[in-house]
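**Q** For reference, this is target.cif, and it has mmCIF, C-alpha atoms and all ligand atoms.
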```
data_data
loop_
_atom_site.label_atom_id
_atom_site.label_comp_id
_atom_site.auth_asym_id
_atom_site.auth_seq_id
_atom_site.Cartn_x
_atom_site.Cartn_y
_atom_site.Cartn_z
CA MET A 248 0.00 0.00 0.00
CA GLN A 249 1.49 3.32 -1.13
CA LEU A 250 0.59 6.42 0.89
CA ASN A 251 0.87 9.73 -0.97
CA PHE A 252 -0.78 12.97 0.02
CA GLU A 253 -1.47 14.94 -3.14
CA TYR A 254 -5.16 15.83 -2.65
CA GLU A 255 -6.66 18.25 -0.14
CA PHE A 256 -8.96 15.50 1.20
CA GLU A 257 -8.18 11.79 1.08
CA LEU A 258 -10.34 9.16 2.73
CA TYR A 259 -9.07 5.76 3.80
CA GLY A 260 -12.07 3.53 4.35
CA TYR A 261 -14.00 0.45 3.37
CA GLY A 262 -17.21 0.37 1.33
CA GLU A 263 -19.43 -1.31 3.92
CA SER A 264 -17.83 0.04 7.09
CA LEU A 265 -20.49 1.95 9.05
CA ALA A 266 -18.04 4.64 10.17
CA SER A 267 -16.68 5.08 6.61
CA GLN A 268 -20.24 5.38 5.28
CA ILE A 269 -20.94 8.14 7.83
CA VAL A 270 -17.92 10.17 6.67
CA ARG A 271 -18.64 9.63 2.97
CA MET A 272 -22.23 10.82 3.51
CA CYS A 273 -20.90 13.95 5.15
CA LEU A 274 -18.44 14.68 2.37
CA SER A 275 -21.20 14.13 -0.14
CA GLU A 276 -23.67 16.40 1.71
CA LYS A 277 -21.02 19.13 1.85
CA GLU A 278 -20.09 18.52 -1.79
CA LEU A 279 -16.41 18.20 -0.87
CA LYS A 280 -14.30 16.31 -3.42
CA TYR A 281 -11.91 13.68 -2.08
CA LYS A 282 -9.69 10.85 -3.20
CA ASN A 283 -10.93 7.53 -1.89
CA HIS A 284 -8.58 4.71 -0.85
CA ARG A 285 -10.11 1.30 -0.19
CA ILE A 286 -8.72 -0.52 2.85
CA GLY A 287 -9.78 -4.19 3.02
CA LEU A 288 -10.92 -5.40 6.45
CA GLU A 289 -11.87 -8.92 7.64
CA SER A 290 -11.21 -10.85 4.42
CA THR A 291 -7.72 -9.39 3.83
CA GLY A 292 -6.58 -7.56 7.00
CA GLU A 293 -5.17 -4.59 5.04
CA HIS A 294 -6.06 -2.28 7.94
CA LEU A 295 -3.42 -4.09 10.03
CA HIS A 296 -0.57 -3.30 7.62
CA LYS A 297 2.29 -1.18 8.96
CA SER A 298 1.75 1.51 6.32
CA TYR A 299 -1.89 2.07 7.41
CA LYS A 300 -0.95 1.98 11.10
CA LYS A 301 1.26 5.01 10.42
CA ILE A 302 -1.81 7.14 9.73
CA ASN A 303 -4.15 5.33 12.17
CA PRO A 304 -2.38 3.71 15.14
CA LYS A 305 -5.67 2.02 16.22
CA CYS A 306 -5.88 0.31 12.78
CA LEU A 307 -9.51 1.37 12.37
CA VAL A 308 -11.23 2.89 9.36
CA PRO A 309 -11.97 5.59 8.43
CA THR A 310 -9.09 8.05 8.42
CA LEU A 311 -9.53 11.38 6.69
CA LEU A 312 -6.37 13.17 5.59
CA HIS A 313 -6.68 16.91 5.25
CA ASN A 314 -3.61 18.19 3.42
CA GLY A 315 -1.84 15.06 4.66
CA CYS A 316 -2.88 15.50 8.31
CA PRO A 317 -4.83 12.49 9.67
CA ILE A 318 -8.15 12.85 11.49
CA HIS A 319 -9.72 9.76 13.11
CA ASP A 320 -13.19 8.79 14.28
CA SER A 321 -16.30 9.43 12.19
CA VAL A 322 -17.94 11.88 14.61
CA LYS A 323 -14.72 13.86 15.13
CA ILE A 324 -14.31 14.02 11.35
CA ILE A 325 -17.86 15.36 10.93
CA ASP A 326 -17.20 17.98 13.61
CA TYR A 327 -14.00 18.95 11.80
CA LEU A 328 -15.71 19.23 8.41
CA ASP A 329 -18.54 21.28 9.91
CA ASN A 330 -16.02 23.81 11.22
CA TYR A 331 -13.95 23.71 8.03
CA ASP A 332 -16.85 24.35 5.68
CA THR A 333 -19.37 26.80 7.04
CA SER A 334 -20.33 28.14 3.61
CA ASN A 335 -22.51 25.23 2.60
CA ALA A 336 -26.20 25.23 3.56
CA ILE A 337 -25.67 21.91 5.33
CA ARG A 338 -24.57 22.06 8.98
CA PHE A 339 -24.40 18.82 10.93
CA PHE A 340 -24.28 20.42 14.35
CA SER A 341 -26.19 23.52 15.44
CA ASP A 342 -25.03 26.97 16.56
CA ASP A 343 -27.92 26.95 19.00
CA VAL A 344 -26.38 25.63 22.25
CA LYS A 345 -29.53 23.90 23.54
CA LYS A 346 -30.18 22.21 20.22
CA ASN A 347 -26.57 21.13 20.01
CA VAL A 348 -26.73 19.47 23.42
CA ALA A 349 -29.75 17.48 22.20
CA ILE A 350 -27.93 16.55 18.96
CA ARG A 351 -24.87 15.37 20.90
CA GLU A 352 -27.04 13.22 23.16
CA LEU A 353 -28.46 11.51 20.09
CA VAL A 354 -24.98 11.08 18.65
CA ARG A 355 -23.89 9.32 21.82
CA GLU A 356 -26.82 6.90 21.47
CA PHE A 357 -26.24 6.25 17.76
CA SER A 358 -22.46 6.40 17.26
CA LEU A 359 -19.70 3.79 17.16
CA ASP A 360 -17.76 5.20 20.08
CA GLU A 361 -15.00 2.76 21.19
CA SER A 362 -15.56 3.77 24.82
CA ILE A 363 -19.01 2.13 24.59
CA SER A 364 -18.99 -1.69 24.68
CA VAL A 365 -20.45 -3.39 21.63
CA GLY A 366 -24.21 -3.74 22.15
CA GLU A 367 -24.52 -0.95 24.72
CA ASN A 368 -26.08 1.66 22.42
CA PHE A 369 -27.95 1.59 19.09
CA GLY A 370 -24.82 2.19 16.97
CA THR A 371 -22.72 -0.55 18.50
CA SER A 372 -25.70 -2.96 18.50
CA VAL A 373 -26.04 -2.43 14.76
CA ALA A 374 -22.29 -3.10 14.44
CA GLY A 375 -22.94 -6.24 16.53
CA ILE A 376 -25.66 -7.64 14.28
CA SER A 377 -23.19 -7.37 11.39
CA THR A 378 -21.02 -10.07 12.99
CA GLN A 379 -22.81 -12.83 11.05
CA ILE A 380 -21.42 -11.28 7.85
CA LEU A 381 -18.03 -10.40 9.40
CA ALA A 382 -17.59 -14.00 10.59
CA HIS A 383 -18.37 -15.27 7.10
CA LEU A 384 -15.75 -12.90 5.64
CA ILE A 385 -12.99 -13.63 8.15
CA CYS A 386 -13.48 -17.36 7.56
CA LYS A 387 -12.18 -16.80 4.02
CA ARG A 388 -8.73 -16.49 5.57
CA PRO A 389 -6.61 -19.37 6.89
CA LEU A 390 -6.88 -19.73 10.67
CA LEU A 391 -3.13 -19.29 11.23
CA SER A 392 -2.95 -16.06 9.29
CA VAL A 393 -5.93 -14.64 11.27
CA LEU A 394 -4.33 -15.73 14.56
CA TRP A 395 -1.07 -14.06 13.60
CA ASP A 396 -2.63 -10.82 12.36
CA TYR A 397 -5.05 -10.34 15.24
CA THR A 398 -2.76 -11.38 18.10
CA VAL A 399 0.38 -9.65 16.86
CA LYS A 400 -0.88 -6.64 14.91
CA HIS A 401 -4.36 -5.61 16.15
CA PRO A 402 -3.87 -2.88 18.79
CA ILE A 403 -7.34 -3.30 20.37
CA ARG A 404 -7.26 -6.47 22.51
CA GLU A 405 -11.02 -6.78 22.99
CA ARG A 406 -11.68 -6.60 19.25
CA ALA A 407 -8.82 -8.97 18.39
CA LEU A 408 -10.36 -11.61 20.69
CA ILE A 409 -13.83 -11.19 19.16
CA PHE A 410 -12.47 -11.65 15.63
CA ILE A 411 -10.38 -14.69 16.59
CA LEU A 412 -13.41 -16.25 18.28
CA MET A 413 -15.53 -15.65 15.19
CA ARG A 414 -12.85 -17.24 12.99
CA ILE A 415 -12.79 -20.33 15.22
CA LEU A 416 -16.58 -20.67 15.65
CA GLY A 417 -17.44 -19.56 12.10
CA LYS A 418 -20.18 -17.33 13.55
CA PRO A 419 -20.84 -15.02 16.51
CA PRO A 420 -21.80 -16.77 19.78
CA SER A 421 -25.63 -17.02 19.91
CA PHE A 422 -26.07 -15.48 23.36
CA LYS A 423 -23.98 -12.47 22.30
CA TYR A 424 -25.86 -12.07 19.02
CA ARG A 425 -29.15 -11.96 20.93
CA GLN A 426 -27.79 -9.09 23.05
CA PHE A 427 -27.19 -7.17 19.83
CA VAL A 428 -30.69 -7.99 18.54
CA SER A 429 -32.10 -6.75 21.81
CA GLY A 430 -30.02 -3.56 21.35
CA ILE A 431 -31.50 -2.92 17.91
CA ALA A 432 -35.04 -3.53 19.23
CA ASN A 433 -34.38 -0.86 21.87
CA GLY A 434 -32.89 1.47 19.25
CA VAL A 435 -35.75 1.23 16.76
CA VAL A 436 -38.36 1.70 19.52
CA TYR A 437 -36.41 4.70 20.82
CA VAL A 438 -36.27 6.35 17.38
CA GLU A 439 -39.98 5.61 16.75
CA LYS A 440 -40.89 7.41 19.99
CA LEU A 441 -38.63 10.38 19.22
CA LEU A 442 -40.06 10.99 15.76
CA ASP A 443 -43.28 12.79 14.97
CA LEU A 444 -45.42 11.22 12.27
CA ASP A 445 -44.27 12.41 8.84
CA ALA A 446 -41.17 14.05 10.36
CA GLU A 447 -38.59 14.39 7.63
CA TYR A 448 -35.65 14.66 10.04
CA ILE A 449 -35.17 13.76 13.67
CA MET A 450 -34.27 17.25 14.96
CA GLY A 451 -36.47 19.15 12.52
CA GLU A 452 -33.54 20.19 10.32
CA TYR A 453 -31.14 17.67 8.77
CA SER A 454 -28.27 16.95 11.18
CA VAL A 455 -25.49 14.50 12.03
CA ALA A 456 -28.11 12.33 13.78
CA ASP A 457 -29.86 11.76 10.43
CA VAL A 458 -26.54 10.91 8.77
CA ILE A 459 -25.80 8.22 11.37
CA LEU A 460 -29.35 6.83 11.32
CA SER A 461 -29.25 6.53 7.49
CA VAL A 462 -26.21 4.30 7.88
CA LEU A 463 -27.66 2.24 10.76
CA PHE A 464 -31.00 1.68 9.00
CA HIS A 465 -29.22 0.68 5.81
CA ARG A 466 -27.31 -1.94 7.81
CA LEU A 467 -30.62 -3.31 9.19
CA GLU A 468 -31.63 -3.91 5.57
CA ILE A 469 -28.32 -5.59 4.71
CA THR A 470 -28.57 -7.93 7.71
CA ALA A 471 -32.09 -9.03 6.68
CA PHE A 472 -34.04 -6.97 9.22
CA HIS A 473 -35.50 -5.01 6.26
CA LYS A 474 -39.17 -5.74 7.11
CA VAL A 475 -38.75 -3.96 10.44
CA LEU A 476 -38.32 -0.63 8.63
CA ALA A 477 -41.41 -1.19 6.50
CA SER A 478 -43.57 -2.42 9.37
CA GLU A 479 -46.82 -0.70 10.37
CA LYS A 480 -45.67 -1.24 13.96
CA PHE A 481 -43.24 1.65 13.40
CA PRO A 482 -45.13 4.17 11.21
CA ASN A 483 -42.83 7.07 12.10
CA VAL A 484 -39.66 5.10 11.35
CA LYS A 485 -41.18 3.87 8.07
CA SER A 486 -41.88 7.34 6.70
CA TYR A 487 -38.63 8.78 8.13
CA TRP A 488 -36.56 6.02 6.46
CA ASN A 489 -38.26 6.83 3.15
CA SER A 490 -37.20 10.49 3.53
CA LEU A 491 -33.60 9.56 4.37
CA LYS A 492 -33.24 7.29 1.35
CA LYS A 493 -34.30 10.10 -0.99
CA ARG A 494 -31.22 12.21 -0.25
CA PRO A 495 -28.63 11.97 -3.06
CA SER A 496 -25.89 11.41 -0.44
CA TYR A 497 -27.46 8.03 0.41
CA THR A 498 -26.87 6.78 -3.13
CA GLU A 499 -23.51 8.53 -3.55
CA ALA A 500 -21.96 7.42 -0.26
CA ILE A 501 -23.64 4.09 0.50
CA ILE A 502 -25.19 2.43 -2.54
CA ASN A 503 -22.32 3.37 -4.88
CA PHE A 504 -19.78 1.85 -2.47
CA GLU A 505 -21.38 -1.56 -2.01
CA GLU A 506 -18.78 -4.31 -1.69
CA GLU A 507 -19.23 -7.42 -3.80
CA GLU A 508 -17.94 -9.64 -0.98
CA TRP A 509 -20.73 -8.32 1.26
CA THR A 510 -23.40 -8.96 -1.38
CA ASP A 511 -22.10 -12.55 -1.70
CA SER A 512 -22.08 -13.09 2.07
CA LYS A 513 -25.57 -11.64 2.40
CA THR A 514 -26.90 -13.98 -0.29
CA HIS A 515 -25.09 -16.93 1.29
CA LEU A 516 -26.39 -16.20 4.81
CA TYR A 517 -29.94 -15.00 4.22
CA GLY A 518 -30.94 -15.50 0.58
CA ALA A 519 -34.36 -13.87 0.32
CA GLN A 520 -35.22 -14.75 3.95
CA GLU A 521 -35.39 -12.53 7.00
CA ASN A 522 -32.67 -12.70 9.66
CA PRO A 523 -32.91 -15.99 11.64
CA GLU A 524 -33.29 -13.91 14.83
CA ILE A 525 -36.26 -11.89 13.56
CA GLU A 526 -38.70 -13.56 15.95
CA TYR A 527 -36.46 -12.76 18.88
CA PHE A 528 -36.40 -9.16 17.65
CA TRP A 529 -40.22 -8.95 17.71
CA SER A 530 -40.40 -10.61 21.14
CA GLU A 531 -38.03 -7.94 22.43
CA VAL A 532 -40.21 -5.22 20.87
CA ASP A 533 -43.28 -6.74 22.62
CA ARG A 534 -41.34 -6.81 25.88
CA LEU A 535 -40.79 -3.08 25.45
CA LYS A 536 -44.58 -2.79 25.04
CA VAL A 537 -44.85 -0.90 21.78
N1 LIG A 601 -15.22 5.30 16.65
C1 LIG A 601 -14.71 4.93 15.36
C2 LIG A 601 -14.96 3.46 15.10
C3 LIG A 601 -14.23 2.98 13.88
C4 LIG A 601 -14.47 1.48 13.64
O1 LIG A 601 -14.80 0.74 14.56
N2 LIG A 601 -14.27 1.07 12.40
C5 LIG A 601 -14.47 -0.34 12.05
C6 LIG A 601 -15.25 -0.42 10.74
S1 LIG A 601 -16.83 0.38 10.90
C7 LIG A 601 -13.12 -1.01 11.84
O2 LIG A 601 -12.16 -0.37 11.48
N3 LIG A 601 -13.06 -2.33 12.09
C8 LIG A 601 -11.90 -3.12 11.92
C9 LIG A 601 -11.44 -3.80 13.18
O3 LIG A 601 -11.94 -3.51 14.27
O4 LIG A 601 -10.53 -4.62 13.07
C10 LIG A 601 -15.38 5.80 14.30
O5 LIG A 601 -16.54 6.20 14.50
O6 LIG A 601 -14.73 6.10 13.29
#
```
Let me see the structure of the file written as C-alpha cells.
Ligand SMILES: N[C@@H](CCC(=O)N[C@@H](CS)C(=O)NCC(=O)O)C(=O)O
**A**
Amino acid sequence: MQLNFEYEFELYGYGESLASQIVRMCLSEKELKYKNHRIGLESTGEHLHKSYKKINPKCLVPTLLHNGCPIHDSVKIIDYLDNYDTSNAIRFFSDDVKKNVAIRELVREFSLDESISVGENFGTSVAGISTQILAHLICKRPLLSVLWDYTVKHPIRERALIFILMRILGKPPSFKYRQFVSGIANGVVYVEKLLDLDAEYIMGEYSVADVILSVLFHRLEITAFHKVLASEKFPNVKSYWNSLKKRPSYTEAIINFEEEEWTDSKTHLYGAQENPEIEYFWSEVDRLKV
C-alpha cells in the first residue's frame, strides 16, 4: 500500500464500514471532493498493515487526511468538516447551544464510540448484528494467518479476541448475538418514539443524527431486518426512512460503495429470507410494550 498525500482530502475507508459510510455521507452532503482509498478489512486484513498503522495507530477505518494530516473517528471528522466548511447550507451540528446538546445526546446513542462496549447503544448494537457477515468474511482467511494478524498486529485487545473467536466458531456466539438484537429492538423503539409522524428529520432540520441513522437503517436492511423498517408497527420510522433514502448522499456514499464480498455473504447467509433472529427481535419489541 502506497501512501501519498497529493489531494486536499483523502479518505481511507471500506465500502461497507459503518463509520466510513458516515464520513462519505458527510463529504457528499457538503459537496467536498476527495480521493478515496479502499482498505480491506476482515477478508484481507489490510487495515493491520504497517503503512496504514502510520496514519491510524488504532488500525480502524476511516481516516480522513486533510492536506496530509490524519483525522480519526467518524464523529470527530464530521465535527472537523462542519467547522472547516461553514459556507454550505448543510450544517451537521447547530449553533444553538440547547439544540446542540440534544444533537450530541443523540450522537452518543447512535455512534460507534469505542468507549461504549459493543451492544450498549444503538450504533454498537447495529455493528454487533453485522457479525454474522463479518464471521463469514474472516473465515475466508486461513486460521493461522488470522491468529497471527489479530494477536500480533491488532492494537485493540477486545476486538482482536472477538475476531479470533468468530474465525474459530465460524459465527458469533448465539447469546452475544441476541444481546445485539435486543439492542436494535431498543434502538428502533427509541427512534420511533422520538419521531413525529411524517417528520422528515429527527431534529427538525437535517443533522449529524440523520446521517448516522441513514447508515444504521441501511445496515438493518443488509442484515435481513428489512421488514422492520417497512412495518406498520413503526409508522414514524417507516416514513422517516423513506425520507432519508431520498437524499442523493445516500446513493452517492452508500449504494455506490457496495462491496461485492458483502453482497455474496448476504446472499449466502440469508438468501431472500429474514434474519434468523427476527422472531427474537419482535419478542423484544413486545417486551418493550410498543
Ligand atoms: N469510533 C470509530 C470506530 C471505527 C471502527 O470501529 N471502524 C471499524 C469499521 S466500521 C473497523 O475499522 N473495524 C476493523 C477492526 O476492528 O478490526 C469511528 O466512529 O470512526
**Q** Need the shell around Asn433 in chain A: protein/DNA/RNA residues with any atom at most 9 Å away, counting all atoms listed in the file. Skip same-chain ones fewer than 2 positions apart. Format as JSON, numbers by chain?
**A** {"A": [368, 369, 428, 429, 430, 431, 435, 436, 437, 438, 531, 532, 535]}
**Q** Output the neighbourhood of ligand LIG 601 (chain A) as a PyMOL selection string, that is, all protein and nucleic acid residues with some atom at most 9 Å from the ligand, counting only C-alpha atoms and all ligand atoms.
**A** chain A and resi 260-261+263-270+288-289+292+294-295+305-310+319-324+358-362+371+374+397+401-403+406-407+410
**Q** I need the residues from that last selection saved to file as a short mmCIF file (atom, residue, chain, number, x, y, z; two decimals), keeping the file's coordinate frame (with C-alpha atoms), if you can.
**A**
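Writing done, so here's part-v2.cif:
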```
data_model
loop_
_atom_site.label_atom_id
_atom_site.label_comp_id
_atom_site.auth_asym_id
_atom_site.auth_seq_id
_atom_site.Cartn_x
_atom_site.Cartn_y
_atom_site.Cartn_z
CA GLY A 260 -12.07 3.53 4.35
CA TYR A 261 -14.00 0.45 3.37
CA GLU A 263 -19.43 -1.31 3.92
CA SER A 264 -17.83 0.04 7.09
CA LEU A 265 -20.49 1.95 9.05
CA ALA A 266 -18.04 4.64 10.17
CA SER A 267 -16.68 5.08 6.61
CA GLN A 268 -20.24 5.38 5.28
CA ILE A 269 -20.94 8.14 7.83
CA VAL A 270 -17.92 10.17 6.67
CA LEU A 288 -10.92 -5.40 6.45
CA GLU A 289 -11.87 -8.92 7.64
CA GLY A 292 -6.58 -7.56 7.00
CA HIS A 294 -6.06 -2.28 7.94
CA LEU A 295 -3.42 -4.09 10.03
CA LYS A 305 -5.67 2.02 16.22
CA CYS A 306 -5.88 0.31 12.78
CA LEU A 307 -9.51 1.37 12.37
CA VAL A 308 -11.23 2.89 9.36
CA PRO A 309 -11.97 5.59 8.43
CA THR A 310 -9.09 8.05 8.42
CA HIS A 319 -9.72 9.76 13.11
CA ASP A 320 -13.19 8.79 14.28
CA SER A 321 -16.30 9.43 12.19
CA VAL A 322 -17.94 11.88 14.61
CA LYS A 323 -14.72 13.86 15.13
CA ILE A 324 -14.31 14.02 11.35
CA SER A 358 -22.46 6.40 17.26
CA LEU A 359 -19.70 3.79 17.16
CA ASP A 360 -17.76 5.20 20.08
CA GLU A 361 -15.00 2.76 21.19
CA SER A 362 -15.56 3.77 24.82
CA THR A 371 -22.72 -0.55 18.50
CA ALA A 374 -22.29 -3.10 14.44
CA TYR A 397 -5.05 -10.34 15.24
CA HIS A 401 -4.36 -5.61 16.15
CA PRO A 402 -3.87 -2.88 18.79
CA ILE A 403 -7.34 -3.30 20.37
CA ARG A 406 -11.68 -6.60 19.25
CA ALA A 407 -8.82 -8.97 18.39
CA PHE A 410 -12.47 -11.65 15.63
#
```
**Q** With all atoms listed in the file as the atoms that count, which of A:Phe357, A:Phe481, A:Tyr281, A:Phe340 lies nearest to Leu463 in chain A?
**A** A:Phe357
**Q** For range 378-392 of chain A, find every residue with an atom within 9 Å (counting all atoms listed in the file), except residues of its own chain fewer than 3 positions away, and show them as a list in words.
**A**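 Using all atoms listed in the file, the neighbours found are Leu288, Glu289, Ser290, Thr291, Gly292, Ala374, Gly375, Trp395, Asp396, Tyr397, Phe410, Ile411, Met413, Arg414, Ile415, Leu416, Gly417, Lys418, Pro419, Tyr424, Thr470, Glu508, Trp509, Ser512, Lys513 and Leu516 of chain A.
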**Q** Of the candidates A:Ala432, A:Cys316, A:Ala336, A:Leu412, which shows the shortest atom-to-atom distance to Gly366 in chain A, using all atoms listed in the file?
**A**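 Using all atoms listed in the file, Gly366 in chain A sits closest to A:Ala432.
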**Q** From the options A:Lys346, A:Ile469, A:Tyr497, A:Glu506, which residue's atoms come nearest to Gly287 in chain A, counting only C-alpha atoms?
**A** A:Glu506
**Q** Calculated over only C-alpha atoms, which of the candidates A:Tyr517, A:Phe528, A:Phe504, A:Tyr453 has the smallest distance to Arg285 in chain A?
**A**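 For Arg285 in chain A, the nearest of the candidates is A:Phe504.
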**Q** Measure the distance from CA of Met272 in chain A to CA of Ala500 in chain A in Å and round it to one decimal.
**A**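 So the two atoms, CA of Met272 in chain A and CA of Ala500 in chain A, lie 5.1 Å apart.
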**Q** As an exercise, work out the distance from CA of Gly315 in chain A to CA of Glu505 in chain A in Å and give it to one decimal place.
**A**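 Computing the Euclidean distance for CA of Gly315 in chain A and CA of Glu505 in chain A yields 26.5 Å.
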**Q** With distances taken over only C-alpha atoms, which of A:Leu444, A:Leu279, A:Ile409, A:Cys273 is nearest to Leu394 in chain A?
**A**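 Closest candidate: A:Ile409.
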**Q** Would you compute the distance between CA of Lys282 in chain A and CA of Ser461 in chain A? Give it in Å to one decimal.
**A**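 Those two atoms sit 22.7 Å apart.
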**Q** Which one of A:Glu507, A:Tyr254, A:Lys277, A:Arg271 sits closest to Asp332 in chain A if you count only C-alpha atoms?
**A**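 Between A:Glu507, A:Tyr254, A:Lys277, A:Arg271, the residue approaching Asp332 in chain A most closely is A:Lys277.
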